[in-house]
>>> print(open('coords_17.txt').read())   # compact mmCIF, C-alpha atoms and all ligand atoms
# COMPACT_ATOMS: atom_id res chain seq x y z
CA MET C 15 144.10 263.30 148.34
CA CYS C 16 140.39 263.38 149.14
CA PHE C 17 140.42 267.17 149.57
CA SER C 18 142.57 267.81 146.47
CA GLY C 19 139.59 269.60 144.88
CA GLU C 20 139.86 272.29 147.53
CA LYS C 21 140.65 275.64 145.86
CA ASP C 22 140.82 277.97 148.86
CA PRO C 23 144.42 278.21 150.19
CA TYR C 24 143.10 279.00 153.68
CA GLN C 25 141.14 275.74 153.72
CA LYS C 26 144.09 273.79 152.35
CA ALA C 27 146.26 275.21 155.11
CA ARG C 28 143.59 274.39 157.68
CA ILE C 29 143.20 270.76 156.58
CA ILE C 30 146.94 270.18 156.27
CA THR C 31 147.34 271.63 159.77
CA ILE C 32 144.70 269.24 161.16
CA LEU C 33 146.50 266.31 159.51
CA SER C 34 149.95 267.43 160.65
CA LEU C 35 148.84 268.05 164.23
CA TYR C 36 147.20 264.63 164.28
CA VAL C 37 150.43 262.92 163.24
CA LEU C 38 152.56 265.05 165.59
CA LEU C 39 150.42 265.22 168.71
CA TRP C 40 148.57 261.94 168.63
CA LEU C 41 151.12 259.63 167.01
CA LEU C 42 154.75 260.85 167.03
CA ILE C 43 155.03 262.58 170.43
CA PRO C 44 153.13 259.93 172.43
CA LEU C 45 155.10 257.16 170.69
CA ALA C 46 158.47 258.85 171.08
CA PHE C 47 158.14 260.15 174.62
CA LYS C 48 155.31 258.05 176.09
CA VAL C 49 153.86 261.40 177.23
CA GLN C 50 151.11 261.30 179.79
CA VAL C 51 149.30 263.99 181.77
CA PRO C 52 147.69 263.82 185.22
CA ILE C 53 143.92 263.73 185.54
CA LEU C 54 141.92 264.77 188.63
CA GLY C 55 142.12 262.08 191.27
CA GLY C 56 145.29 260.44 189.97
CA GLU C 57 144.13 258.71 186.79
CA TRP C 58 146.15 259.12 183.60
CA GLY C 59 145.38 260.09 180.04
CA SER C 60 147.48 260.56 176.94
CA PHE C 61 149.00 263.74 175.45
CA PRO C 62 147.63 266.32 174.78
CA ALA C 63 144.41 265.17 176.47
CA ILE C 64 142.24 268.11 175.43
CA HIS C 65 139.31 265.69 175.17
CA THR C 66 140.17 263.80 178.35
CA ILE C 67 137.74 264.96 181.00
CA GLY C 68 139.45 266.27 184.10
CA SER C 69 142.98 266.41 182.68
CA LEU C 70 145.11 269.51 183.17
CA THR C 71 145.17 270.24 179.43
CA PHE C 72 141.37 269.94 179.31
CA PHE C 73 141.10 272.89 181.73
CA ILE C 74 143.86 274.90 180.01
CA TYR C 75 142.09 274.41 176.70
CA MET C 76 138.88 275.84 178.15
CA GLY C 77 140.75 279.11 178.66
CA ILE C 78 142.19 279.03 175.14
CA VAL C 79 138.71 278.53 173.67
CA LEU C 80 137.46 281.53 175.66
CA LEU C 81 140.11 283.68 174.01
CA PHE C 82 140.18 282.33 170.47
CA GLY C 83 136.91 280.42 170.04
CA LYS C 84 135.92 276.86 169.37
CA ARG C 85 137.87 276.96 166.11
CA VAL C 86 141.17 276.27 167.93
CA ASP C 87 139.97 272.70 168.34
CA CYS C 88 137.08 272.06 165.96
CA GLY C 89 138.46 274.03 163.03
CA TRP C 90 142.19 273.45 163.28
CA CYS C 91 143.17 270.68 165.67
CA CYS C 92 140.56 268.06 166.59
CA PRO C 93 141.84 264.51 165.92
CA CYS C 94 138.27 263.27 165.56
CA VAL C 95 137.74 265.21 162.33
CA THR C 96 140.98 264.23 160.61
CA ALA C 97 139.17 261.54 158.65
CA ARG C 98 136.04 263.67 158.26
CA GLU C 99 137.97 266.54 156.65
CA THR C 100 139.76 264.14 154.24
CA ILE C 101 137.82 260.93 153.49
CA GLY C 102 134.60 262.78 154.35
CA TYR C 103 135.46 265.77 152.16
CA PRO C 104 133.58 264.57 149.00
CA PHE C 105 130.37 264.34 151.04
CA ARG C 106 130.36 267.94 152.24
CA ASP C 107 127.57 268.81 149.82
CA LYS C 108 125.32 266.22 151.50
CA THR C 109 125.12 268.40 154.61
CA PRO C 110 121.40 268.83 155.38
CA ARG C 111 120.39 272.42 155.94
CA ASN C 112 116.73 272.02 156.81
CA GLY C 113 114.84 273.01 159.96
CA LEU C 114 114.85 269.47 161.37
CA TRP C 115 118.65 269.33 161.39
CA TRP C 116 118.86 272.77 162.88
CA LYS C 117 116.72 271.41 165.75
CA LEU C 118 118.71 268.17 166.04
CA ARG C 119 121.74 270.22 167.10
CA HIS C 120 120.20 270.37 170.59
CA LEU C 121 120.89 266.63 171.09
CA LYS C 122 124.46 267.42 172.02
CA TRP C 123 123.24 268.96 175.29
CA LEU C 124 122.47 265.40 176.38
CA THR C 125 126.03 264.22 175.80
CA LEU C 126 127.36 267.38 177.45
CA SER C 127 125.13 266.61 180.47
CA LEU C 128 126.67 263.13 180.69
CA LEU C 129 130.14 264.70 180.56
CA VAL C 130 129.25 267.12 183.37
CA VAL C 131 127.89 264.26 185.53
CA TYR C 132 131.09 262.29 184.92
CA LEU C 133 133.22 265.31 185.87
CA ALA C 134 131.15 265.84 189.03
CA PHE C 135 131.72 262.21 190.05
CA MET C 136 135.45 262.67 189.42
CA ILE C 137 135.53 265.57 191.84
CA ILE C 138 133.41 263.72 194.45
CA ASP C 139 135.09 260.34 194.21
CA ALA C 140 137.54 259.83 191.35
CA GLY C 141 138.01 256.14 192.14
CA THR C 142 134.43 255.20 191.31
CA ALA C 143 133.66 257.90 188.72
CA TYR C 144 134.31 255.74 185.69
CA ASN C 145 132.03 252.92 186.81
CA ARG C 146 129.30 255.27 188.02
CA ALA C 147 129.17 257.61 185.03
CA GLY C 148 132.25 257.40 182.82
CA LYS C 149 131.54 254.09 181.14
CA PHE C 150 128.05 255.13 180.08
CA TYR C 151 129.35 258.50 178.86
CA TYR C 152 132.12 256.89 176.79
CA ASP C 153 129.77 254.22 175.40
CA VAL C 154 127.27 256.81 174.15
CA VAL C 155 129.91 259.11 172.67
CA THR C 156 132.15 256.41 171.18
CA TYR C 157 129.38 254.34 169.58
CA GLY C 158 127.69 257.53 168.37
CA TYR C 159 130.96 258.74 166.92
CA TYR C 160 131.67 255.57 164.91
CA ALA C 161 128.05 255.14 163.83
CA SER C 162 128.10 258.68 162.48
CA PHE C 163 130.98 257.72 160.15
CA LEU C 164 128.71 255.29 158.33
CA LEU C 165 126.17 258.06 157.81
CA ILE C 166 128.62 260.58 156.32
CA PRO C 167 127.64 259.78 152.69
CA LEU C 168 124.05 260.69 153.61
CA THR C 169 124.48 263.49 156.14
CA GLY C 170 127.78 265.22 155.36
CA ASN C 171 131.16 265.03 157.07
CA ARG C 172 130.35 267.06 160.20
CA ASN C 173 127.26 265.11 161.31
CA PHE C 174 128.78 264.13 164.68
CA CYS C 175 130.03 267.67 165.34
CA ARG C 176 126.59 269.07 164.61
CA VAL C 177 124.46 266.69 166.63
CA LEU C 178 126.24 264.59 169.23
CA CYS C 179 129.69 265.79 170.24
CA PRO C 180 129.76 267.00 173.86
CA PHE C 181 132.75 269.22 173.08
CA ALA C 182 130.82 270.90 170.31
CA ALA C 183 128.49 272.09 173.07
CA LEU C 184 131.14 272.79 175.71
CA TRP C 185 133.61 274.60 173.45
CA GLY C 186 130.62 276.33 171.83
CA VAL C 187 129.37 277.76 175.13
CA LEU C 188 132.86 279.00 175.99
CA SER C 189 133.26 280.37 172.49
CA VAL C 190 130.07 282.42 172.71
CA ALA C 191 130.90 283.55 176.26
CA GLY C 192 134.38 284.57 175.13
CA LEU C 193 135.78 286.88 172.50
CA TYR C 194 135.24 284.87 169.30
CA ARG C 195 132.67 285.83 166.69
CA ILE C 196 132.36 286.54 162.98
CA LYS C 197 131.54 290.19 162.51
CA ALA C 198 129.24 291.18 159.66
CA LYS C 199 128.66 294.42 157.79
CA LYS C 200 125.02 293.53 157.33
CA GLU C 201 124.13 296.58 155.25
CA GLU C 202 126.49 295.28 152.54
CA CYS C 203 124.95 291.79 152.39
CA ILE C 204 123.21 291.07 149.07
CA ALA C 205 121.48 287.91 150.40
CA CYS C 206 123.15 285.68 147.79
CA GLY C 207 123.15 282.72 150.22
CA LYS C 208 126.65 281.54 149.27
CA CYS C 209 127.72 281.52 152.93
CA ASP C 210 124.85 279.16 153.82
CA ARG C 211 125.79 276.71 151.10
CA VAL C 212 129.44 276.28 152.17
CA CYS C 213 128.87 275.89 155.91
CA ASP C 214 129.46 272.25 156.91
CA MET C 215 127.76 272.93 160.24
CA GLY C 216 124.51 273.84 158.50
CA ILE C 217 124.39 277.27 160.12
CA PRO C 218 121.94 279.71 158.50
CA VAL C 219 124.70 282.28 158.13
CA ALA C 220 122.83 284.73 155.89
CA ARG C 221 119.87 284.84 158.28
CA LEU C 222 122.16 285.51 161.25
CA VAL C 223 123.87 288.29 159.31
CA ARG C 224 120.49 289.83 158.56
CA GLU C 225 119.00 289.40 162.04
CA LYS C 226 121.99 289.77 164.37
CA GLY C 227 124.72 291.45 162.35
CA GLU C 228 127.21 288.78 163.47
CA ILE C 229 127.76 285.02 163.67
CA ARG C 230 127.92 284.25 167.35
CA THR C 231 126.56 280.76 167.75
CA ILE C 232 127.88 277.71 169.55
CA GLU C 233 127.65 275.86 166.23
CA CYS C 234 130.41 277.81 164.46
CA MET C 235 133.64 275.80 164.30
CA GLY C 236 135.48 278.67 162.65
CA CYS C 237 136.47 277.05 159.36
CA GLY C 238 136.19 280.40 157.62
CA ARG C 239 134.49 279.08 154.48
CA CYS C 240 131.71 281.64 154.76
CA VAL C 241 134.24 284.45 155.22
CA ALA C 242 136.16 283.41 152.10
CA VAL C 243 133.17 282.81 149.83
CA CYS C 244 131.32 286.07 150.50
CA PRO C 245 131.49 288.17 147.31
CA GLN C 246 130.93 291.39 149.29
CA ASN C 247 133.52 290.81 152.03
CA VAL C 248 130.75 291.18 154.56
CA LEU C 249 132.25 288.76 157.08
CA SER C 250 135.44 288.89 159.17
CA PHE C 251 136.83 286.98 162.14
CA TYR C 252 137.11 288.57 165.55
CA SER C 253 138.81 287.10 168.64
CA ALA C 254 141.73 287.68 170.99
CA ALA C 255 143.95 287.10 167.94
CA GLY C 256 142.60 290.32 166.37
CA ILE C 257 143.06 292.25 169.61
CA LEU C 258 146.66 291.02 169.93
CA LYS C 259 147.33 291.89 166.27
CA ASN C 260 146.04 295.44 166.76
CA LEU C 261 148.10 295.88 169.92
CA PHE C 262 151.16 294.62 168.05
CA TYR C 263 150.64 297.11 165.18
CA LYS C 264 150.11 299.95 167.65
CA PHE C 265 153.30 298.95 169.43
CA ILE C 266 155.50 298.84 166.30
CA LYS C 267 154.09 302.18 165.05
CA ARG C 268 155.11 303.98 168.26
S1 LIG D 1 132.66 269.08 167.48
FE1 LIG D 1 133.71 267.44 168.58
S2 LIG D 1 134.37 265.97 167.01
FE2 LIG D 1 133.79 267.87 165.99
S3 LIG D 1 135.70 268.96 165.76
FE3 LIG D 1 134.76 269.70 167.66
S4 LIG D 1 135.60 268.42 169.29
FE4 LIG D 1 136.04 267.42 167.33
S1 LIG D 2 129.61 279.94 160.07
FE1 LIG D 2 131.36 280.14 158.66
S2 LIG D 2 133.18 279.82 159.92
FE2 LIG D 2 131.41 279.09 161.10
S3 LIG D 2 131.30 276.90 160.63
FE3 LIG D 2 129.97 277.93 159.15
S4 LIG D 2 131.26 278.33 157.35
FE4 LIG D 2 132.62 277.82 159.06
S1 LIG D 3 127.78 285.36 151.15
FE1 LIG D 3 127.99 287.46 151.93
S2 LIG D 3 126.61 288.66 150.66
FE2 LIG D 3 126.02 286.51 150.35
S3 LIG D 3 124.40 286.16 151.88
FE3 LIG D 3 126.33 285.59 152.84
S4 LIG D 3 126.99 287.44 153.94
FE4 LIG D 3 125.43 288.07 152.46
>>> encode(input="coords_17.txt", output="structure tokens")
Amino acid sequence: MCFSGEKDPYQKARIITILSLYVLLWLLIPLAFKVQVPILGGEWGSFPAIHTIGSLTFFIYMGIVLLFGKRVDCGWCCPCVTARETIGYPFRDKTPRNGLWWKLRHLKWLTLSLLVVYLAFMIIDAGTAYNRAGKFYYDVVTYGYYASFLLIPLTGNRNFCRVLCPFAALWGVLSVAGLYRIKAKKEECIACGKCDRVCDMGIPVARLVREKGEIRTIECMGCGRCVAVCPQNVLSFYSAAGILKNLFYKFIKR
């Protein structure tokens, strides 16, 4: 397989989960049960519709991201990165980490704005929303998405996630507003830069550790590569999962 060179068991588990969920949620269940979910105004999308604007699951997922962070989609579940995490895997080291690319990340606010306009039209008048805003939104995102595939050998596998995906921005905002972050014991950091070099999102992890003492940025898709590679164990995940785990341990110790 394209990611067979992956040594970290956590990453292997993550990529196999993305592949398995893709087959289960986007192929087997819809084919077997013809599952559909209602969208605002009576239109229909397909299961599980987390990327279908206005669907019930879209709103439920917003709450899940608040609790567990953007990683629940972008790190472990998103169907759009199934090919990027497998076929795109050999090009991970092409990920640009310069200042220009760190600025280009702001482009995704434009696609998020289009999504918000489309959602507003759905609420105002669902019948005309697609023609008034939806078609343009889908054209920009879909063509951008497929064009970014061609650029993977030059710009790394997560180019679309970094620059253009509206959900990267939306989930990212919810993620930062919610409980998710990577905590850092910054006094133990030896500034080796290993965390920077493994981050497919091009996040300047070491600088954030130094300056903020945590990774709390809308860019983080929670892959955990930086956590695993750190020789000093400086980094650790924090989210509702950690809170629930602590409550569980307290409960069983009583
Ligand atoms: S940023 Fe967009 S394309 Fe990338 S994993 Fe997240 S939702 Fe999927
Ligand atoms: S900061 Fe760490 S967890 Fe977040 S995307 Fe980068 S490597 Fe993955
Ligand atoms: S890998 Fe760990 S020790 Fe090295 S710069 Fe990053 S946080 Fe610091």
>>> residues_near_ligand(input="coords_17.txt", ligand="ligand LIG 3 (chain D)", cutoff="10 Å", atoms="only C-alpha atoms and all ligand atoms", output="PyMOL selection string")
chain C and resi 198-212+218-224+227-228+239-249
>>> atom_distance(input="coords_17.txt", atom1="CA of Asp87 in chain C", atom2="CA of Lys21 in chain C")
22.7 Å
>>> closest_atom_pairs(input="coords_17.txt", of="range 188-248 of chain C", to="range 91-109 of chain C", cutoff="12 Å", atoms="only C-alpha atoms", output="JSON lines")
{"residue": "C:Asp210", "atom": "CA", "partner": "C:Thr109", "partner_atom": "CA", "distance": 10.8}
{"residue": "C:Arg211", "atom": "CA", "partner": "C:Asp107", "partner_atom": "CA", "distance": 8.2}
{"residue": "C:Val212", "atom": "CA", "partner": "C:Asp107", "partner_atom": "CA", "distance": 8.1}
{"residue": "C:Cys213", "atom": "CA", "partner": "C:Thr109", "partner_atom": "CA", "distance": 8.5}
{"residue": "C:Asp214", "atom": "CA", "partner": "C:Thr109", "partner_atom": "CA", "distance": 6.2}
{"residue": "C:Met215", "atom": "CA", "partner": "C:Thr109", "partner_atom": "CA", "distance": 7.7}
{"residue": "C:Gly216", "atom": "CA", "partner": "C:Thr109", "partner_atom": "CA", "distance": 6.7}
{"residue": "C:Ile217", "atom": "CA", "partner": "C:Thr109", "partner_atom": "CA", "distance": 10.5}
{"residue": "C:Met235", "atom": "CA", "partner": "C:Cys92", "partner_atom": "CA", "distance": 10.6}
{"residue": "C:Gly236", "atom": "CA", "partner": "C:Cys91", "partner_atom": "CA", "distance": 11.5}
{"residue": "C:Cys237", "atom": "CA", "partner": "C:Glu99", "partner_atom": "CA", "distance": 11.0}
>>> atom_distance(input="coords_17.txt", atom1="CA of Phe47 in chain C", atom2="CA of Thr71 in chain C")
17.1 Å
>>> residues_near_ligand(input="coords_17.txt", ligand="ligand LIG 1 (chain D)", cutoff="9 Å", atoms="only C-alpha atoms and all ligand atoms", output="ChimeraX atom specification")
/C:65,84-85,87-96,159,172-186,233,235
>>> axis_aligned_box(input="coords_17.txt", around="range 90-97 of chain C", padding_each_side="4 Å", output="AutoDock Vina command-line options")
--center_x 140.5 --center_y 267.5 --center_z 162.6 --size_x 13.4 --size_y 19.9 --size_z 15.9
>>> closest_residue(input="coords_17.txt", among="C:Leu33, C:Leu121, C:Leu129, C:Val86", to="ligand LIG 2 (chain D)", atoms="all atoms listed in the file")
C:Val86
>>> closest_residue(input="coords_17.txt", among="C:Pro62, C:Ala254, C:Ala147, C:Cys16", to="Ile43 in chain C", atoms="only C-alpha atoms")
C:Pro62
>>> closest_residue(input="coords_17.txt", among="C:Ser18, C:Ser34, C:Gln25, C:Asn112", to="ligand LIG 2 (chain D)", atoms="all atoms listed in the file")
C:Gln25
